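Remarks on the structure that follows.
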Amino acid sequence: MDQLNQLIIQRRKKADELAEMNVELYANDFKPTHHISEVLSSGSANAAVADLEDAPNVRASFKVAGRILALRKFGKASFLHIQDDSGRIQVYVKKEVVGEQFYTQFKKWDIGDIVGFKGKLFKTKTGEITILADSIKLITKSLRPLPEKFHGLTDVEMRYRQRYVDLIVNPEVRETFRKRIEIIRLLREFLSNRGFLEVETPMMQAVPGGATAKPFKTHHKALDMDLYLRIAPELYLKRLLVGGFEKVFEINRNFRNEGLSTRHNPEFTMLEFYQAYATYHDLMDLTEEMISWLTEEINGSMEVTYQDQIVDLSPPWKRYSIDEALTEVGGIDPDLLNDSEQIIKLAKDKGIALDPQAGPGKAKTELFELLVEEKLINPTFITAYPTEVSPLARRNQANPQVTDRFELYITGREIANAFSELNDPVDQKKRFEKQIAERGADEEIFPVLDEDYIRALEYGLPAAAGEGIGIDRLVMLLTDSPSIRDVIIFPHLKAER
């Protein structure tokens, strides 16, 4: 029998013994009066008496609850540390104070148990603020031991698979998710203060649209129809602009039935927002303002350290067209970019596999990913994407071969994608049809033209711009997290064997 199973058996035995003593193993009648952080920051804590002998003279008494993280048992007295969601404090339990009956119960407690104490404060000889418990309460008996060195496990996937344990023993993990929550709150605040309305659009859609990713498919029995988990909310948000809302945003889940990596999870969080009578230039300005402000609010500085790289998010940010980036960062001869055959040949020479129908626009974007993307450490807007790879973006009036679109890159990763919206229903239908013709033959789920969206455009979509920002990647940047799994609280993993 392995050591873990032996420990579990020992804990179950203790639980049985406590039950025989009429101790409730899963109580629900202890009400803490304070969080641990409130106790530590209180005036009573700051004026805690010098030693244990004077502790009974202290007037203030506190009730706290938390999980035992450290425990040193002695014959007639014990020290332990407990932790709640605000902090950690030491507790001193004396047999002569709590009584023999309760001290006997206490001796059957383990690290990991959730417990409650009432008592007054004193300082140990080392100056540590400590609660002298005058009453104790078992709230939840833990039947599994916490790992001693959980963070150092060689199987890092266990941290993601058992996130509840990861959160117990690693305070820096809890801090990452607190920051994530605050980031989302601040994004909502920023957009709401600028007149954007938060809306909700369908998570299950009859026609998957707004991106070219592979969707998850399900079937609705009552309607007797196939539905798809959305890959993007874009087409529904633009329907709302048709309906008369002029500024909308949504923060919610998207689903893409594709691979997993340090940058990709099949379920991820996006912020998408749309503004009538705006252009992609307006959204570049808004994005620069929003993310730099957010960085200052979260980190107290415009500079962040990401994986040992200093990233400066101070405005203004660099702006390159994709051709300028390929030339200045990627080192491609600018004359080559204007030769369709040569740019396709260069892409193939670089080992890029292009579909037979792919044109120079696709070749440029693939070369950009290969030669430029990872070099864009500080915030950089890339504009003028080829029309060929931008089926929903408005054509540039001066050069119809490119669109009024940008992508934002930070630390070599795409953070945002935005464009002035295509609102010509005839042009949009042609682009959808071309996209379906190019993709259809190799698709498990054959793409369908969204006729209702075309109908909505025929009623009239005002001139507008829209943007999507990957929340998970933004949180990775602002918490110095190397993997998307570090910022998704329950990431998808292969089934346990």
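Chain labels follow the order of the structure tokens: the first chain is A, the next B, and so on; residue numbering restarts at 1 in every chain, and ligands are counted from 1 in their shown order.
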Item to check | Selection near Ala47 (chain A), 12 Å with only C-alpha atoms, sequence-local residues under 2 positions removed, as a PyMOL selection string | outcome: chain A and resi 39-45+49-51+55+58-60+120-123+127+129
Checklist entry - Could you name the residues that touch region 257-267 of chain A at 7 Å or less, counting only C-alpha atoms, but leaving out those on the same chain fewer than 6 positions away, as an MDAnalysis selection string? => result chainID A and resid 214:216 483:485 492
Checklist entry - Which residues, written as a list in words, have at least one atom at most 6 Å from Val248 (chain A), with only C-alpha atoms counted and residues fewer than 5 positions away on the same chain left out? => result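 The contact residues come out as Phe196, Leu197, Glu198, Phe273 and Tyr274 of chain A.
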Store the residues picked out above in a file with C-alpha atoms, as a short mmCIF file (atom, residue, chain, number, x, y, z; two decimals), in the first residue's frame.
data_model
loop_
_atom_site.label_atom_id
_atom_site.label_comp_id
_atom_site.auth_asym_id
_atom_site.auth_seq_id
_atom_site.Cartn_x
_atom_site.Cartn_y
_atom_site.Cartn_z
CA PHE A 196 -20.58 51.28 -24.22
CA LEU A 197 -23.45 48.97 -23.25
CA GLU A 198 -22.65 45.45 -22.09
CA PHE A 273 -16.72 45.80 -28.71
CA TYR A 274 -18.26 47.73 -31.62
#
Checklist entry - When DSSP works through the backbone of this structure, what residues of region 125-308 of chain A end up as alpha helix (DSSP H), shown as an MDAnalysis selection string? => result chainID A and resid 157:161 163:169 171:193 234:242 280:299
Next on the checklist: With only C-alpha atoms as the counted atoms, please give the residues lying no more than 10 Å from Phe30 (chain A), apart from itself and same-chain residues fewer than 6 positions off, as number ranges by chain.
Outcome noted: A: 63-65, 115-117, 136-139
Go ahead and save the residues from that selection, with C-alpha atoms, as a JSON list (two decimals), in the first residue's frame.
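As a result, part.json now contains:
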[["chain", "number", "residue", "atom", "x", "y", "z"],
["A", 63, "LYS", "CA", -13.54, 34.79, 15.67],
["A", 64, "VAL", "CA", -11.71, 33.56, 12.58],
["A", 65, "ALA", "CA", -11.96, 30.52, 10.31],
["A", 115, "VAL", "CA", -11.35, 25.08, 11.56],
["A", 116, "GLY", "CA", -12.58, 28.02, 13.60],
["A", 117, "PHE", "CA", -11.19, 29.81, 16.65],
["A", 136, "ILE", "CA", -12.08, 25.88, 18.97],
["A", 137, "LYS", "CA", -14.32, 24.32, 16.33],
["A", 138, "LEU", "CA", -13.82, 21.70, 13.61],
["A", 139, "ILE", "CA", -15.70, 22.91, 10.56]]
Item to check | Point-to-point distance in Å for CA of Pro425 (chain A) and CA of Leu191 (chain A) | outcome: 28.9 Å
Item to check | All strand (DSSP E) residues (DSSP, backbone) inside region 182-230 of chain A, as a list in words | outcome: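 Taking region 182-230 of chain A and keeping strand (DSSP E) gives Leu197, Glu198, Met204, Gln205, Lys217, Thr218, His219, His220, Met225, Asp226, Leu227, Tyr228 and Leu229 of chain A.
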